[in-house]
$ cat run-v9.cif   # mmCIF, C-alpha atoms
data_final
loop_
_atom_site.label_atom_id
_atom_site.label_comp_id
_atom_site.auth_asym_id
_atom_site.auth_seq_id
_atom_site.Cartn_x
_atom_site.Cartn_y
_atom_site.Cartn_z
CA MET A 1 186.05 -38.48 59.85
CA PHE A 2 183.42 -40.20 61.96
CA ARG A 3 182.57 -39.77 65.65
CA GLU A 4 180.78 -41.86 68.23
CA PHE A 5 179.13 -40.19 71.22
CA VAL A 6 180.03 -41.38 74.71
CA GLN A 7 178.22 -40.47 77.92
CA HIS A 8 180.28 -39.52 80.96
CA PRO A 9 179.19 -40.56 84.48
CA ASP A 10 177.83 -37.05 85.12
CA GLY A 11 175.53 -37.31 82.08
CA THR A 12 177.52 -35.01 79.77
CA LEU A 13 178.48 -36.19 76.30
CA GLY A 14 181.88 -36.65 74.72
CA SER A 15 183.13 -38.16 71.49
CA CYS A 16 185.55 -40.84 70.39
CA TRP A 17 186.55 -42.58 67.19
CA PRO A 18 184.49 -45.60 66.17
CA ALA A 19 187.06 -48.42 66.25
CA GLU A 20 185.76 -49.93 63.01
CA MET A 21 186.36 -46.64 61.15
CA ILE A 22 190.09 -46.30 61.95
CA PRO A 23 192.00 -46.93 58.69
CA PRO A 24 193.93 -50.21 58.41
CA ARG A 25 197.39 -50.01 59.99
CA GLY A 26 200.64 -51.75 59.23
CA PRO A 27 203.10 -53.23 61.72
CA ALA A 28 204.50 -51.01 64.46
CA LEU A 29 207.40 -48.80 63.45
CA ARG A 30 210.66 -48.74 65.40
CA PRO A 31 211.35 -45.01 65.66
CA VAL A 32 214.76 -43.75 66.80
CA PHE A 33 214.88 -41.65 69.98
CA GLU A 34 216.89 -38.41 70.11
CA ALA A 35 217.09 -36.09 73.13
CA LEU A 36 217.11 -32.45 72.01
CA THR A 37 217.55 -30.80 75.42
CA PRO A 38 219.02 -31.74 78.80
CA GLY A 39 216.45 -33.49 80.95
CA ALA A 40 215.04 -35.51 78.03
CA SER A 41 215.41 -39.29 78.18
CA GLY A 42 213.79 -42.36 76.73
CA ASP A 43 213.69 -44.76 73.80
CA GLY A 44 211.28 -45.59 70.96
CA GLY A 45 208.48 -46.57 73.37
CA ARG A 46 208.90 -44.09 76.22
CA VAL A 47 209.91 -40.43 76.44
CA ARG A 48 210.40 -38.39 79.61
CA ILE A 49 210.86 -34.62 79.44
CA ALA A 50 211.93 -32.64 82.51
CA SER A 51 212.49 -28.89 82.14
CA ALA A 52 212.29 -26.83 85.32
CA THR A 53 212.65 -23.60 83.34
CA GLY A 54 212.17 -23.26 79.61
CA PHE A 55 211.39 -25.74 76.86
CA GLY A 56 212.44 -29.41 76.90
CA ALA A 57 212.11 -31.77 73.95
CA ALA A 58 212.99 -35.08 72.34
CA THR A 59 212.07 -36.63 69.00
CA LEU A 60 211.22 -40.00 67.56
CA THR A 61 212.52 -40.21 63.99
CA GLY A 62 211.36 -42.42 61.13
CA ILE A 63 207.63 -41.69 61.27
CA SER A 64 205.68 -42.22 58.06
CA ARG A 65 203.63 -39.36 56.58
CA ASP A 66 200.30 -41.12 57.21
CA PHE A 67 200.24 -42.84 60.61
CA HIS A 68 198.30 -43.80 63.73
CA ALA A 69 200.11 -43.14 67.03
CA GLY A 70 199.03 -43.93 70.55
CA PHE A 71 200.61 -43.13 73.91
CA ARG A 72 199.83 -42.50 77.57
CA VAL A 73 200.79 -39.15 79.14
CA THR A 74 201.65 -38.77 82.82
CA PRO A 75 202.05 -35.08 83.68
CA GLY A 76 204.33 -34.08 86.54
CA PRO A 77 202.84 -32.21 89.52
CA ARG A 78 203.80 -28.79 88.11
CA ALA A 79 203.43 -29.47 84.39
CA ASN A 80 202.49 -26.14 82.82
CA ARG A 81 202.06 -27.20 79.19
CA PHE A 82 203.25 -30.21 77.23
CA GLY A 83 202.44 -32.17 74.13
CA VAL A 84 203.57 -33.60 70.83
CA ALA A 85 204.43 -31.99 67.50
CA VAL A 86 203.48 -33.89 64.34
CA HIS A 87 205.50 -33.91 61.07
CA SER A 88 208.39 -32.18 62.82
CA SER A 89 211.93 -31.51 61.67
CA SER A 90 214.76 -31.82 64.21
CA SER A 91 214.30 -28.13 65.08
CA GLY A 92 210.50 -28.37 65.34
CA GLU A 93 209.95 -26.31 62.18
CA GLY A 94 207.05 -27.13 59.87
CA ALA A 95 205.24 -29.06 62.60
CA LEU A 96 201.80 -28.73 64.09
CA TYR A 97 201.87 -28.79 67.90
CA LEU A 98 199.26 -30.53 70.01
CA GLN A 99 199.34 -28.62 73.30
CA PHE A 100 197.90 -29.76 76.64
CA GLU A 101 197.40 -27.16 79.40
CA PRO A 102 196.18 -28.85 82.62
CA ASP A 103 195.70 -25.66 84.67
CA ARG A 104 193.49 -24.21 81.94
CA ARG A 105 191.81 -27.55 81.11
CA LYS A 106 192.61 -26.86 77.48
CA VAL A 107 193.90 -28.77 74.45
CA GLY A 108 194.80 -27.05 71.17
CA TRP A 109 196.58 -27.43 67.83
CA CYS A 110 199.00 -24.61 66.99
CA ARG A 111 201.67 -24.03 64.35
CA ALA A 112 205.37 -24.19 65.21
CA GLU A 113 205.99 -20.60 64.18
CA ASP A 114 203.14 -19.43 66.44
CA HIS A 115 204.15 -21.56 69.43
CA SER A 116 203.96 -19.13 72.34
CA PHE A 117 201.86 -18.21 75.32
CA LYS A 118 199.28 -16.26 73.33
CA GLU A 119 195.88 -17.60 72.28
CA ASN A 120 196.48 -18.61 68.70
CA GLU A 121 195.28 -22.15 68.19
CA ASN A 122 193.98 -23.38 64.86
CA ALA A 123 191.56 -25.55 66.82
CA ALA A 124 191.02 -25.96 70.56
CA LEU A 125 188.95 -27.74 73.21
CA TYR A 126 188.13 -26.11 76.53
CA GLU A 127 186.89 -27.59 79.82
CA VAL A 128 188.82 -30.83 79.24
CA GLU A 129 188.92 -32.68 82.56
CA GLY A 130 191.74 -34.98 83.66
CA LEU A 131 194.75 -33.36 81.99
CA ASP A 132 196.52 -33.21 85.37
CA ARG A 133 196.57 -37.01 85.76
CA PRO A 134 197.54 -39.88 83.39
CA PHE A 135 195.49 -40.03 80.17
CA GLY A 136 195.65 -41.70 76.78
CA VAL A 137 196.13 -39.99 73.42
CA GLU A 138 195.67 -41.28 69.88
CA VAL A 139 196.76 -39.26 66.84
CA LEU A 140 195.76 -40.06 63.27
CA ALA A 141 197.61 -38.33 60.40
CA LEU A 142 196.00 -38.96 57.02
CA GLU A 143 197.11 -36.79 54.11
CA ASP A 144 196.48 -33.24 55.40
CA VAL A 145 194.11 -34.24 58.23
CA LEU A 146 195.29 -34.51 61.84
CA ASP A 147 192.79 -36.02 64.26
CA VAL A 148 193.27 -36.66 67.96
CA CYS A 149 191.27 -38.66 70.50
CA ILE A 150 191.94 -37.79 74.14
CA ASP A 151 191.34 -40.57 76.66
CA GLY A 152 188.53 -42.00 74.52
CA THR A 153 186.19 -39.12 75.43
CA ARG A 154 187.18 -36.00 73.46
CA THR A 155 188.23 -35.50 69.83
CA LEU A 156 189.82 -32.61 67.96
CA ILE A 157 190.55 -32.38 64.25
CA ASN A 158 192.62 -29.99 62.16
CA ARG A 159 194.20 -29.70 58.71
CA HIS A 160 197.95 -29.35 58.19
CA ALA A 161 200.03 -29.92 55.07
CA PRO A 162 202.87 -32.24 56.19
CA ASP A 163 205.75 -30.03 55.04
CA GLY A 164 207.92 -30.59 58.10
CA GLY A 165 209.71 -33.85 58.63
CA ASP A 166 209.51 -37.47 59.68
CA ARG A 167 209.50 -36.94 63.44
CA LEU A 168 207.21 -36.79 66.42
CA LEU A 169 208.54 -34.17 68.82
CA PHE A 170 207.56 -34.68 72.46
CA TRP A 171 207.91 -31.55 74.57
CA CYS A 172 207.23 -29.91 77.91
CA GLN A 173 207.33 -26.24 78.92
CA GLU A 174 208.39 -25.62 82.53
CA GLY A 175 207.63 -28.91 84.21
CA GLU A 176 207.81 -32.58 83.42
CA ALA A 177 205.78 -35.10 81.48
CA THR A 178 206.26 -38.76 80.64
CA PHE A 179 204.91 -40.31 77.45
CA ASP A 180 204.65 -44.12 77.83
CA ASP A 181 203.47 -47.05 75.73
CA ILE A 182 204.23 -45.16 72.51
CA THR A 183 203.21 -47.07 69.39
CA VAL A 184 203.32 -45.72 65.85
CA ARG A 185 201.91 -47.62 62.90
CA PRO A 186 201.83 -46.53 59.26
CA LEU A 187 198.44 -46.45 57.60
CA GLU A 188 198.20 -49.13 54.93
CA SER A 189 196.39 -46.91 52.45
CA ALA A 190 195.59 -43.22 52.32
CA ARG A 191 192.01 -43.86 51.15
#

$ encode --input "run-v9.cif" --output "structure tokens"
Amino acid sequence: MFREFVQHPDGTLGSCWPAEMIPPRGPALRPVFEALTPGASGDGGRVRIASATGFGAATLTGISRDFHAGFRVTPGPRANRFGVAVHSSSSGEGALYLQFEPDRRKVGWCRAEDHSFKENENAALYEVEGLDRPFGVEVLALEDVLDVCIDGTRTLINRHAPDGGDRLLFWCQEGEATFDDITVRPLESAR
């Protein structure tokens, strides 16, 4: 995996993916939307999760094992934590969760079985600005590598054997979040 440094207006550095290094992608998939909890709505290109108390979720089914996904997240005013689970089953088992926490300015990967309020990420970024307002996300799943680029300025990579399922699970814990402009493309070749 390659990185390109970007300089923020305040002089600090971030990282993004070099566009020319993203593996070739096929045509956009047409995933099927399924609401898993009340307060979840959407279609294959947009998902909205509203859960005043507890966990809210919806899935997009029909996602290839190796893929490139992009979407824009708009957190609600009281969004506590939200994100997307990769290689999920309908119950969320076997997935790796990408978790955004605006109040803590934190992004982390965690396993489905460890998904809780404790600090247990496999990989995390701290001091991530802008998680309380709309931002873009790109996820690349290639064999057992999961790589994410957050708003073109921060990257986070992790390894995860895709033993779950063919779904992306969008979720929100106590709040609301909207995931717009969702595109998912299979990677044309694994190497």

$ resolve_selection --input "run-v9.cif" --expression "the PyMOL selection byres ((chain A and resi 2) around 10)" --output "JSON, numbers by chain"
{"A": [1, 3, 4, 15, 16, 17, 18, 19, 21, 22]}

$ residues_around --input "run-v9.cif" --residues "stretch 54-56 of chain A" --least-positions-apart "6" --cutoff "6 Å" --atoms "all atoms listed in the file" --output "JSON, numbers by chain"
{"A": [37, 171, 172, 173, 174]}

$ residues_around --input "run-v9.cif" --residues "stretch 91-104 of chain A" --least-positions-apart "2" --cutoff "7 Å" --atoms "only C-alpha atoms" --output "MDAnalysis selection string"
chainID A and resid 80:89 106:112 131:132 163:164

$ closest_residue --input "run-v9.cif" --among "A:Asp166, A:Phe33, A:Arg46, A:Asp151" --to "A:Val6" --atoms "all atoms listed in the file"
A:Asp151

$ resolve_selection --input "run-v9.cif" --expression "the PyMOL selection byres ((chain A and resi 179-188) around 6)" --output "number ranges by chain"
A: 24-29, 45-47, 64, 66-73, 178, 189

$ residues_around --input "run-v9.cif" --residues "A:Arg154" --least-positions-apart "2" --cutoff "9 Å" --atoms "only C-alpha atoms" --output "ChimeraX atom specification"
/A:14-16,125,128,148-152,156

$ closest_residue --input "run-v9.cif" --among "A:Val139, A:Thr74, A:Ala79, A:Tyr126" --to "A:Thr53" --atoms "all atoms listed in the file"
A:Ala79
